file start.txt (compact mmCIF, C-alpha atoms and all ligand atoms)
# COMPACT_ATOMS: atom_id res chain seq x y z
CA MET A 27 -47.12 206.42 -39.49
CA GLU A 28 -44.74 208.02 -41.99
CA GLU A 29 -43.06 206.48 -45.00
CA LYS A 30 -39.74 204.81 -44.04
CA LYS A 31 -36.66 206.96 -44.69
CA ASN A 32 -33.24 207.10 -43.04
CA ILE A 33 -33.73 207.72 -39.31
CA LEU A 34 -31.16 210.52 -39.39
CA SER A 35 -33.32 212.53 -41.80
CA TYR A 36 -36.05 212.94 -39.15
CA GLU A 37 -35.94 215.72 -36.59
CA THR A 38 -35.66 214.38 -33.04
CA VAL A 39 -37.72 217.29 -31.69
CA ALA A 40 -39.57 219.99 -33.63
CA LEU A 41 -42.26 222.60 -33.14
CA ASP A 42 -45.47 222.70 -35.18
CA ASP A 43 -46.64 226.16 -34.23
CA LYS A 44 -49.80 226.03 -36.36
CA GLU A 45 -50.91 222.91 -34.53
CA SER A 46 -49.50 224.19 -31.21
CA ALA A 47 -47.65 220.90 -30.81
CA VAL A 48 -44.24 219.54 -29.96
CA VAL A 49 -43.40 216.96 -32.62
CA ILE A 50 -41.13 214.03 -31.76
CA ILE A 51 -40.10 210.60 -32.98
CA ASP A 52 -41.59 208.11 -30.51
CA GLN A 53 -38.27 206.51 -29.53
CA THR A 54 -39.92 203.68 -27.61
CA LYS A 55 -40.99 202.21 -30.99
CA LEU A 56 -37.53 202.30 -32.61
CA PRO A 57 -36.00 200.66 -34.50
CA GLY A 58 -39.02 198.67 -35.74
CA THR A 59 -41.43 201.53 -36.30
CA THR A 60 -40.78 205.18 -37.02
CA GLU A 61 -43.77 207.00 -35.61
CA ILE A 62 -43.91 210.77 -35.45
CA ILE A 63 -46.20 212.01 -32.71
CA GLN A 64 -47.60 215.37 -31.62
CA LEU A 65 -47.63 216.46 -28.00
CA LYS A 66 -50.17 219.16 -27.21
CA THR A 67 -51.13 218.95 -23.55
CA ALA A 68 -49.02 219.19 -20.40
CA GLN A 69 -49.86 215.57 -19.64
CA GLU A 70 -48.76 214.41 -23.12
CA ILE A 71 -45.45 216.28 -22.85
CA TRP A 72 -44.80 215.00 -19.30
CA ASP A 73 -45.63 211.41 -20.29
CA ALA A 74 -43.42 211.56 -23.38
CA ILE A 75 -40.44 212.61 -21.23
CA TYR A 76 -41.16 210.17 -18.39
CA LEU A 77 -41.77 207.23 -20.76
CA LEU A 78 -38.63 208.04 -22.80
CA LYS A 79 -40.52 208.71 -26.02
CA VAL A 80 -38.15 211.67 -26.13
CA ARG A 81 -34.97 211.09 -24.14
CA GLY A 82 -31.33 212.02 -23.84
CA ALA A 83 -30.44 215.12 -21.85
CA PRO A 84 -30.24 217.73 -24.67
CA ALA A 85 -33.37 216.45 -26.47
CA ILE A 86 -35.30 216.52 -23.18
CA GLY A 87 -34.23 220.17 -22.76
CA VAL A 88 -35.40 221.12 -26.25
CA ALA A 89 -38.70 219.24 -25.83
CA ALA A 90 -39.28 221.06 -22.53
CA ALA A 91 -38.54 224.45 -24.12
CA PHE A 92 -40.99 223.85 -26.98
CA GLY A 93 -43.38 222.26 -24.48
CA ILE A 94 -43.51 225.23 -22.12
CA TYR A 95 -43.96 227.56 -25.11
CA VAL A 96 -46.89 225.51 -26.41
CA LEU A 97 -48.48 225.54 -22.94
CA ALA A 98 -47.78 229.25 -22.44
CA LYS A 99 -49.52 230.01 -25.74
CA HIS A 100 -52.77 228.78 -24.24
CA ILE A 101 -52.52 230.81 -21.02
CA ASP A 102 -55.47 233.15 -21.19
CA ALA A 103 -54.13 236.13 -19.24
CA LYS A 104 -53.68 239.76 -20.11
CA ASP A 105 -51.47 240.80 -17.20
CA TYR A 106 -47.94 239.61 -16.47
CA GLU A 107 -48.56 238.35 -12.89
CA THR A 108 -51.52 236.14 -13.82
CA PHE A 109 -49.61 234.83 -16.85
CA MET A 110 -46.55 234.00 -14.74
CA GLU A 111 -48.56 232.27 -12.03
CA GLU A 112 -49.87 229.78 -14.58
CA PHE A 113 -46.51 229.62 -16.43
CA ARG A 114 -44.70 228.62 -13.22
CA LYS A 115 -47.29 225.92 -12.44
CA GLN A 116 -46.79 224.38 -15.88
CA LYS A 117 -43.01 224.74 -15.59
CA GLU A 118 -42.90 222.92 -12.24
CA TYR A 119 -45.07 220.15 -13.65
CA LEU A 120 -42.85 219.55 -16.69
CA ASN A 121 -39.76 219.76 -14.49
CA SER A 122 -41.03 216.85 -12.37
CA ALA A 123 -40.99 214.39 -15.30
CA ARG A 124 -37.39 213.21 -14.73
CA PRO A 125 -34.87 214.28 -12.08
CA THR A 126 -31.34 213.48 -13.30
CA ALA A 127 -30.81 215.29 -16.62
CA VAL A 128 -30.15 218.90 -15.65
CA ASN A 129 -31.04 220.04 -19.18
CA LEU A 130 -34.72 219.76 -18.24
CA SER A 131 -34.56 222.41 -15.50
CA TRP A 132 -31.86 224.31 -17.39
CA ALA A 133 -34.16 224.85 -20.41
CA LEU A 134 -37.24 225.62 -18.29
CA ASN A 135 -35.31 228.09 -16.11
CA ARG A 136 -33.97 229.79 -19.22
CA MET A 137 -37.53 230.19 -20.55
CA GLU A 138 -38.70 231.59 -17.19
CA ALA A 139 -35.75 233.99 -16.99
CA LEU A 140 -36.68 235.32 -20.43
CA CYS A 141 -40.19 236.14 -19.18
CA GLU A 142 -38.76 237.85 -16.10
CA ALA A 143 -36.37 239.94 -18.19
CA ASN A 144 -39.30 241.13 -20.32
CA LYS A 145 -41.97 241.78 -17.69
CA ASP A 146 -42.54 245.28 -19.10
CA LYS A 147 -43.76 243.75 -22.40
CA SER A 148 -47.28 242.54 -23.16
CA VAL A 149 -48.18 238.88 -22.61
CA GLU A 150 -48.51 238.45 -26.39
CA GLU A 151 -45.01 239.84 -26.91
CA ILE A 152 -43.63 237.53 -24.21
CA LYS A 153 -45.22 234.55 -25.93
CA ALA A 154 -43.49 235.50 -29.21
CA LEU A 155 -40.16 235.81 -27.37
CA LEU A 156 -40.67 232.36 -25.80
CA LYS A 157 -41.09 230.82 -29.23
CA ALA A 158 -37.89 232.44 -30.51
CA GLU A 159 -35.99 231.34 -27.38
CA ALA A 160 -37.11 227.71 -27.71
CA GLU A 161 -36.04 227.73 -31.37
CA GLU A 162 -32.68 229.21 -30.33
CA ILE A 163 -32.19 226.46 -27.70
CA LYS A 164 -32.64 223.93 -30.49
CA GLU A 165 -30.29 225.70 -32.93
CA GLU A 166 -27.74 226.15 -30.17
CA ASP A 167 -27.85 222.41 -29.46
CA ILE A 168 -26.89 221.69 -33.07
CA ARG A 169 -23.96 224.16 -32.99
CA VAL A 170 -22.80 222.89 -29.59
CA CYS A 171 -22.85 219.23 -30.65
CA ARG A 172 -20.81 220.05 -33.74
CA LYS A 173 -18.19 221.80 -31.59
CA ILE A 174 -18.08 218.82 -29.20
CA GLY A 175 -17.53 216.67 -32.28
CA GLU A 176 -14.57 218.80 -33.39
CA TYR A 177 -12.90 218.72 -29.95
CA GLY A 178 -13.67 215.01 -29.56
CA LEU A 179 -12.20 214.22 -32.97
CA SER A 180 -8.89 215.81 -31.93
CA LEU A 181 -8.57 213.10 -29.24
CA VAL A 182 -8.57 210.11 -31.60
CA LYS A 183 -6.99 209.03 -34.87
CA PRO A 184 -8.14 207.31 -38.07
CA GLY A 185 -8.92 203.61 -37.65
CA ASP A 186 -9.44 203.86 -33.87
CA GLY A 187 -11.89 201.67 -31.97
CA ILE A 188 -14.43 203.65 -29.95
CA LEU A 189 -16.79 202.24 -27.36
CA THR A 190 -19.98 204.02 -26.34
CA HIS A 191 -22.74 203.30 -23.84
CA CYS A 192 -26.46 204.13 -24.04
CA ASN A 193 -27.47 206.60 -26.74
CA ALA A 194 -25.82 210.00 -26.78
CA GLY A 195 -26.45 210.16 -30.50
CA GLN A 196 -28.49 212.30 -32.85
CA LEU A 197 -31.63 210.79 -31.32
CA ALA A 198 -30.62 212.26 -27.94
CA THR A 199 -29.99 215.73 -29.41
CA CYS A 200 -31.07 217.77 -32.43
CA LYS A 201 -28.12 216.75 -34.62
CA TYR A 202 -24.80 214.87 -34.39
CA GLY A 203 -25.31 213.74 -30.77
CA THR A 204 -22.64 214.40 -28.17
CA ALA A 205 -20.69 211.14 -27.82
CA THR A 206 -21.42 210.30 -31.46
CA ALA A 207 -20.46 213.74 -32.80
CA PRO A 208 -16.73 212.85 -33.13
CA ILE A 209 -17.81 209.64 -34.87
CA TYR A 210 -20.06 211.41 -37.40
CA LEU A 211 -17.48 214.14 -38.04
CA GLY A 212 -14.76 211.51 -38.38
CA GLN A 213 -16.89 209.66 -40.86
CA GLU A 214 -17.25 212.81 -42.99
CA GLN A 215 -13.42 212.94 -43.04
CA GLY A 216 -12.79 209.24 -43.77
CA TYR A 217 -11.55 208.23 -40.29
CA ASN A 218 -13.01 204.71 -40.55
CA PHE A 219 -13.67 204.24 -36.87
CA ARG A 220 -14.76 200.86 -35.51
CA VAL A 221 -17.48 201.53 -32.96
CA PHE A 222 -18.67 199.20 -30.19
CA ALA A 223 -22.15 200.00 -28.90
CA ASP A 224 -23.16 198.57 -25.52
CA GLU A 225 -26.74 197.34 -25.69
CA THR A 226 -27.52 199.17 -22.41
CA ARG A 227 -29.88 197.22 -20.17
CA PRO A 228 -32.65 197.60 -19.21
CA LEU A 229 -34.09 199.95 -21.85
CA LEU A 230 -31.67 198.99 -24.62
CA GLN A 231 -30.91 202.48 -25.87
CA GLY A 232 -27.59 201.17 -27.24
CA ALA A 233 -29.14 198.35 -29.25
CA ARG A 234 -32.34 200.07 -30.32
CA LEU A 235 -31.00 203.57 -30.91
CA THR A 236 -27.19 203.87 -31.12
CA ALA A 237 -26.62 200.74 -33.17
CA TYR A 238 -29.59 201.77 -35.33
CA GLU A 239 -28.53 205.34 -36.06
CA LEU A 240 -24.83 204.54 -36.58
CA HIS A 241 -25.65 201.57 -38.79
CA SER A 242 -28.10 203.73 -40.81
CA ALA A 243 -25.30 206.27 -41.26
CA GLY A 244 -22.97 203.60 -42.62
CA VAL A 245 -20.63 203.62 -39.60
CA ASP A 246 -18.81 200.36 -38.80
CA VAL A 247 -20.69 199.54 -35.57
CA THR A 248 -20.67 196.32 -33.57
CA LEU A 249 -23.34 195.72 -30.96
CA ILE A 250 -22.15 194.10 -27.72
CA CYS A 251 -23.91 193.13 -24.51
CA ASP A 252 -23.13 195.27 -21.48
CA ASN A 253 -20.96 192.54 -19.96
CA MET A 254 -18.62 192.36 -22.97
CA SER A 255 -16.74 195.63 -22.66
CA ALA A 256 -13.85 194.05 -20.73
CA THR A 257 -13.41 191.48 -23.49
CA VAL A 258 -13.21 194.01 -26.32
CA MET A 259 -10.90 196.24 -24.31
CA LYS A 260 -8.63 193.39 -23.24
CA ASN A 261 -8.42 192.39 -26.91
CA GLY A 262 -7.05 195.87 -27.63
CA TRP A 263 -9.94 196.79 -29.89
CA VAL A 264 -10.88 200.01 -28.10
CA ASN A 265 -8.75 203.17 -28.15
CA ALA A 266 -11.21 205.52 -26.47
CA VAL A 267 -14.58 205.54 -24.72
CA PHE A 268 -16.94 208.38 -25.59
CA VAL A 269 -20.13 208.68 -23.55
CA GLY A 270 -22.70 211.37 -22.93
CA CYS A 271 -23.97 212.50 -19.56
CA ASP A 272 -27.03 213.80 -17.80
CA ARG A 273 -25.39 215.98 -15.19
CA VAL A 274 -21.76 216.83 -14.49
CA ALA A 275 -21.06 218.06 -10.94
CA ALA A 276 -18.65 220.92 -10.25
CA ASN A 277 -15.90 218.44 -9.32
CA GLY A 278 -16.24 216.51 -12.61
CA ASP A 279 -18.21 213.53 -11.28
CA ALA A 280 -20.58 212.65 -14.14
CA ALA A 281 -23.99 210.98 -14.03
CA ASN A 282 -24.86 209.00 -17.12
CA LYS A 283 -26.87 205.91 -18.02
CA ILE A 284 -26.54 203.07 -15.55
CA GLY A 285 -23.49 200.99 -16.42
CA THR A 286 -21.31 203.91 -17.52
CA SER A 287 -19.24 203.75 -14.33
CA VAL A 288 -18.66 200.02 -14.92
CA VAL A 289 -17.35 200.80 -18.41
CA ALA A 290 -15.14 203.54 -16.96
CA ALA A 291 -13.70 201.23 -14.30
CA VAL A 292 -12.95 198.56 -16.91
CA ALA A 293 -11.46 201.13 -19.29
CA ASN A 294 -9.13 202.36 -16.55
CA ARG A 295 -8.02 198.77 -15.93
CA TYR A 296 -7.02 198.51 -19.62
CA HIS A 297 -5.65 202.09 -19.89
CA VAL A 298 -8.32 203.22 -22.33
CA PRO A 299 -9.19 206.95 -21.92
CA VAL A 300 -12.79 207.75 -20.98
CA TYR A 301 -14.19 210.99 -22.39
CA ILE A 302 -17.45 212.45 -21.14
CA CYS A 303 -19.10 214.55 -23.84
CA ALA A 304 -20.99 217.34 -22.13
CA PRO A 305 -22.53 220.52 -23.47
CA THR A 306 -22.26 223.27 -20.83
CA SER A 307 -26.06 222.95 -20.46
CA THR A 308 -25.34 219.57 -18.81
CA ILE A 309 -22.72 220.90 -16.39
CA ASP A 310 -24.27 221.86 -13.07
CA MET A 311 -21.86 224.02 -11.09
CA ASN A 312 -24.48 224.23 -8.31
CA THR A 313 -24.04 220.52 -7.56
CA PRO A 314 -20.68 220.14 -5.80
CA THR A 315 -20.09 216.39 -6.28
CA GLY A 316 -21.75 213.30 -7.72
CA ASN A 317 -23.08 212.41 -4.26
CA GLU A 318 -25.62 215.22 -4.52
CA ILE A 319 -26.96 214.13 -7.93
CA HIS A 320 -30.51 212.78 -7.69
CA ILE A 321 -30.57 209.39 -9.41
CA GLU A 322 -33.87 208.45 -10.99
CA GLN A 323 -35.34 205.08 -9.93
CA ARG A 324 -37.53 203.38 -12.53
CA PRO A 325 -40.22 200.69 -12.42
CA ALA A 326 -39.19 197.07 -11.72
CA GLU A 327 -40.99 195.85 -14.85
CA GLU A 328 -38.29 197.43 -17.02
CA VAL A 329 -35.94 194.78 -15.62
CA THR A 330 -38.24 191.79 -15.13
CA GLU A 331 -40.34 191.72 -18.29
CA MET A 332 -39.96 194.61 -20.70
CA TRP A 333 -38.71 193.48 -24.17
CA TYR A 334 -39.01 189.78 -23.22
CA LYS A 335 -41.68 187.53 -24.79
CA GLU A 336 -42.51 186.40 -21.28
CA ARG A 337 -41.52 187.54 -17.82
CA MET A 338 -37.92 186.49 -17.11
CA ALA A 339 -37.75 187.01 -13.34
CA PRO A 340 -39.68 185.31 -10.53
CA GLU A 341 -42.89 187.04 -9.43
CA GLY A 342 -42.31 189.09 -6.30
CA VAL A 343 -38.52 189.25 -6.55
CA LYS A 344 -36.94 192.48 -5.29
CA VAL A 345 -35.59 194.69 -8.09
CA PHE A 346 -33.18 197.65 -7.94
CA ASN A 347 -33.49 199.76 -11.07
CA PRO A 348 -31.55 203.04 -10.95
CA ALA A 349 -31.56 204.71 -14.38
CA PHE A 350 -28.14 206.35 -13.96
CA ASP A 351 -24.86 205.99 -12.13
CA VAL A 352 -22.08 208.43 -11.33
CA THR A 353 -18.62 207.99 -12.79
CA ASP A 354 -16.01 209.28 -10.34
CA ASN A 355 -13.96 212.11 -11.77
CA ASP A 356 -10.67 210.22 -11.32
CA LEU A 357 -11.83 207.69 -13.93
CA ILE A 358 -12.42 210.44 -16.50
CA ALA A 359 -9.63 211.44 -18.92
CA GLY A 360 -11.45 214.54 -20.13
CA ILE A 361 -14.81 216.30 -20.31
CA VAL A 362 -15.44 217.39 -23.88
CA THR A 363 -17.50 220.58 -24.05
CA GLU A 364 -18.28 223.09 -26.79
CA TYR A 365 -15.56 225.33 -25.27
CA GLY A 366 -12.78 222.76 -25.22
CA VAL A 367 -11.71 219.68 -23.29
CA ALA A 368 -11.60 220.06 -19.50
CA ARG A 369 -8.97 217.97 -17.69
CA ALA A 370 -8.40 217.21 -14.01
CA PRO A 371 -8.56 219.00 -11.63
CA TYR A 372 -12.12 219.60 -12.82
CA THR A 373 -13.03 222.07 -10.07
CA GLU A 374 -10.62 224.44 -11.87
CA SER A 375 -10.98 223.41 -15.49
CA LEU A 376 -14.80 223.51 -15.51
CA LYS A 377 -14.69 227.06 -14.15
CA GLU A 378 -12.37 227.92 -17.04
CA ILE A 379 -14.88 226.39 -19.50
CA PHE A 380 -17.61 228.69 -18.14
CA ARG A 381 -15.23 231.65 -18.26
CA ARG A 382 -14.71 230.95 -21.98
CA LYS A 383 -18.48 230.70 -22.43
CA GLU A 384 -19.00 234.11 -20.80
CA GLU A 385 -16.17 235.54 -22.87
CA ALA A 386 -17.80 234.24 -26.06
CA ALA A 387 -21.08 235.85 -24.96
CA GLY A 388 -19.21 239.12 -24.52
CA LYS A 389 -19.73 239.15 -20.75
CA VAL A 390 -16.04 239.28 -19.74
CA GLU A 391 -12.99 240.88 -21.28
O1 LIG A 401 -32.65 207.43 -19.91
P1 LIG A 401 -32.10 208.13 -21.12
O2 LIG A 401 -32.23 207.33 -22.36
O3 LIG A 401 -32.65 209.53 -21.25
O4 LIG A 401 -30.54 208.28 -20.80
C1 LIG A 401 -29.75 208.96 -21.72
C2 LIG A 401 -28.32 209.00 -21.37
O5 LIG A 401 -27.89 208.51 -20.35
C3 LIG A 401 -27.44 209.79 -22.30
O6 LIG A 401 -26.14 209.26 -22.34
C4 LIG A 401 -27.36 211.26 -21.83
O7 LIG A 401 -28.63 211.78 -21.62
C5 LIG A 401 -26.62 212.10 -22.80
S1 LIG A 401 -27.48 212.32 -24.31
C6 LIG A 401 -26.51 213.30 -25.31
call {"tool": "encode", "arguments": {"input": "start.txt", "output": "structure tokens"}}
result
Amino acid sequence: MEEKKNILSYETVALDDKESAVVIIDQTKLPGTTEIIQLKTAQEIWDAIYLLKVRGAPAIGVAAAFGIYVLAKHIDAKDYETFMEEFRKQKEYLNSARPTAVNLSWALNRMEALCEANKDKSVEEIKALLKAEAEEIKEEDIRVCRKIGEYGLSLVKPGDGILTHCNAGQLATCKYGTATAPIYLGQEQGYNFRVFADETRPLLQGARLTAYELHSAGVDVTLICDNMSATVMKNGWVNAVFVGCDRVAANGDAANKIGTSVVAAVANRYHVPVYICAPTSTIDMNTPTGNEIHIEQRPAEEVTEMWYKERMAPEGVKVFNPAFDVTDNDLIAGIVTEYGVARAPYTESLKEIFRRKEEAAGKVE
């Protein structure tokens, strides 16, 4: 265990190349204990993602990119075909850890595409390229979150109340977070936001992570239970909702932590705009609508006993525990990306966001 310092001064995900390890904060222990752990084997990386030791769509993507590099390093093959056969096996395994956050497959596919584009190079050269690509995915995440913060900040004003759900904070990314990026940037500029953090049952990412990181950063944050959002909105204390997401469909439907769609429905009732903060790595244009998004189901124990001193539900009771829900696009005021804020109709505006991305990459005039 490391000496206690501000949680924001730790890296959410890092690579220790000498040790051939992915290094993460074990988020299941926060906020009580800050434990930095090394993941070296495929099983350790898979477990860390499945058990939410590393979680949040962008952080999962970065952990997978470093993870597949670490595993590829150990592939003992001289020729490309043999190397790729083992690489794809490891890739499929890591990809099976969680189904909803598209960043997992997005990062792994990007690493595979890099290998395919360099099949004429030696296996050793490909391994070096994989390391550089994983590092770039991480650096890109930091730049992207900052841009989301700038666009998000343009949607609010000093003194506003902001409500957020789950943790789309620095702990879910490599810096700034997505939904928290406007909050951190606003804080740098003296905006004095008042933030309401939903505790986020059943895994309490809002209480354990969002309230923790915002409070550590000196932000005015108030923790509320998930069933209190209507009260704070009816009181007029909330001017905007900023949440993250795990997968945005081509029509703007957005999957995020279970309970997000409840917040969005309540916000619409009280005319509070709901902004989904989404890096383009989280937008899946191959999924037409939210109906096609695979929602992860998690173990019943997360609801019946986890975090309680003793079990709080009768033995044998049926439990429904979906980890995410889909917010319908008509409840969303805007999708904040690193290329600007997309507005309805999303089928058109999201295409425009990707056009800007291609333009920035020099792929279109
Ligand atoms: O189950 P989790 O903790 O991985 O769920 C995380 C969320 O729902 C986040 O809001 C989402 O991944 C966006 S993180 C920037």
call {"tool": "closest_residue", "arguments": {"input": "start.txt", "among": "A:Asp43, A:Asp102, A:Glu138, A:Glu318", "to": "A:Arg114", "atoms": "all atoms listed in the file"}}
result
A:Glu138
call {"tool": "residues_near_ligand", "arguments": {"input": "start.txt", "ligand": "ligand LIG 401 (chain A)", "cutoff": "7 Å", "atoms": "only C-alpha atoms and all ligand atoms", "output": "PyMOL selection string"}}
result
chain A and resi 78+81-84+127+192-195+198-199+203-205+231+269-272+282-283+349-350
call {"tool": "residues_around", "arguments": {"input": "start.txt", "residues": "A:Ala207", "least_positions_apart": "5", "cutoff": "8 Å", "atoms": "only C-alpha atoms", "output": "PyMOL selection string"}}
result
chain A and resi 171-172+174-176+178+195+202
call {"tool": "write_last_selection", "arguments": {"input": "start.txt", "atoms": "C-alpha atoms", "output": "compact mmCIF listing (two decimals), keeping the file's coordinate frame"}}
result
# COMPACT_ATOMS: atom_id res chain seq x y z
CA CYS A 171 -22.85 219.23 -30.65
CA ARG A 172 -20.81 220.05 -33.74
CA ILE A 174 -18.08 218.82 -29.20
CA GLY A 175 -17.53 216.67 -32.28
CA GLU A 176 -14.57 218.80 -33.39
CA GLY A 178 -13.67 215.01 -29.56
CA GLY A 195 -26.45 210.16 -30.50
CA TYR A 202 -24.80 214.87 -34.39
call {"tool": "residues_around", "arguments": {"input": "start.txt", "residues": "A:Glu161", "least_positions_apart": "4", "cutoff": "12 Å", "atoms": "only C-alpha atoms", "output": "list of chain:residue names"}}
result
A:Val39, A:Ala40, A:Leu41, A:Asp42, A:Asp43, A:Val48, A:Gly87, A:Val88, A:Ala89, A:Ala90, A:Ala91, A:Phe92, A:Gly93, A:Tyr95, A:Ala133, A:Met137, A:Ala154, A:Leu155, A:Leu156, A:Lys157, A:Glu165, A:Glu166, A:Asp167, A:Ile168, A:Cys200
call {"tool": "residues_around", "arguments": {"input": "start.txt", "residues": "A:Gly216", "least_positions_apart": "5", "cutoff": "10 Å", "atoms": "all atoms listed in the file", "output": "PyMOL selection string"}}
result
chain A and resi 184-185+210-211
call {"tool": "closest_residue", "arguments": {"input": "start.txt", "among": "A:Phe113, A:Ala123, A:Gly58, A:Tyr365", "to": "A:Ala386", "atoms": "only C-alpha atoms"}}
result
A:Tyr365
call {"tool": "atom_distance", "arguments": {"input": "start.txt", "atom1": "atom CA of A:Ile50", "atom2": "atom CA of A:Leu197"}}
result
10.0 Å
call {"tool": "closest_residue", "arguments": {"input": "start.txt", "among": "A:Val258, A:Ile209, A:Val182, A:Ala326", "to": "A:Pro299", "atoms": "only C-alpha atoms"}}
result
A:Val182
call {"tool": "atom_distance", "arguments": {"input": "start.txt", "atom1": "atom CA of A:Leu134", "atom2": "atom CA of A:Lys383"}}
result
19.9 Å
call {"tool": "decode", "arguments": {"input": "start.txt", "residues": "stretch 329-341 of chain A", "atoms": "N, CA and C atoms", "output": "CSV table (one decimal), in the first residue's frame"}}
result
chain,number,residue,atom,x,y,z
A,329,VAL,N,-26.6,-6.5,-5.1
A,329,VAL,CA,-27.8,-5.8,-4.6
A,329,VAL,C,-28.2,-6.3,-3.2
A,330,THR,N,-28.1,-7.6,-2.9
A,330,THR,CA,-28.6,-8.1,-1.6
A,330,THR,C,-27.7,-7.9,-0.5
A,331,GLU,N,-26.3,-8.0,-0.7
A,331,GLU,CA,-25.5,-7.9,0.5
A,331,GLU,C,-24.2,-7.1,0.4
A,332,MET,N,-23.8,-6.8,-0.8
A,332,MET,CA,-22.5,-6.0,-0.9
A,332,MET,C,-22.6,-4.7,-0.2
A,333,TRP,N,-21.6,-4.3,0.5
A,333,TRP,CA,-21.5,-3.0,1.3
A,333,TRP,C,-22.3,-3.0,2.6
A,334,TYR,N,-23.2,-4.0,2.8
A,334,TYR,CA,-24.0,-4.0,4.0
A,334,TYR,C,-23.2,-4.9,5.0
A,335,LYS,N,-23.4,-4.6,6.3
A,335,LYS,CA,-22.8,-5.3,7.4
A,335,LYS,C,-23.4,-6.8,7.4
A,336,GLU,N,-24.6,-6.8,7.1
A,336,GLU,CA,-25.3,-8.2,7.0
A,336,GLU,C,-26.2,-8.1,5.8
A,337,ARG,N,-26.6,-9.3,5.3
A,337,ARG,CA,-27.4,-9.4,4.1
A,337,ARG,C,-28.7,-8.6,4.4
A,338,MET,N,-29.2,-7.8,3.4
A,338,MET,CA,-30.4,-7.0,3.6
A,338,MET,C,-31.6,-7.4,2.8
A,339,ALA,N,-31.5,-8.6,2.2
A,339,ALA,CA,-32.6,-9.0,1.4
A,339,ALA,C,-32.9,-10.5,1.8
A,340,PRO,N,-34.1,-10.9,1.7
A,340,PRO,CA,-34.4,-12.3,2.1
A,340,PRO,C,-33.6,-13.3,1.2
A,341,GLU,N,-33.2,-14.4,1.8
A,341,GLU,CA,-32.5,-15.5,1.0
A,341,GLU,C,-33.5,-16.0,-0.1
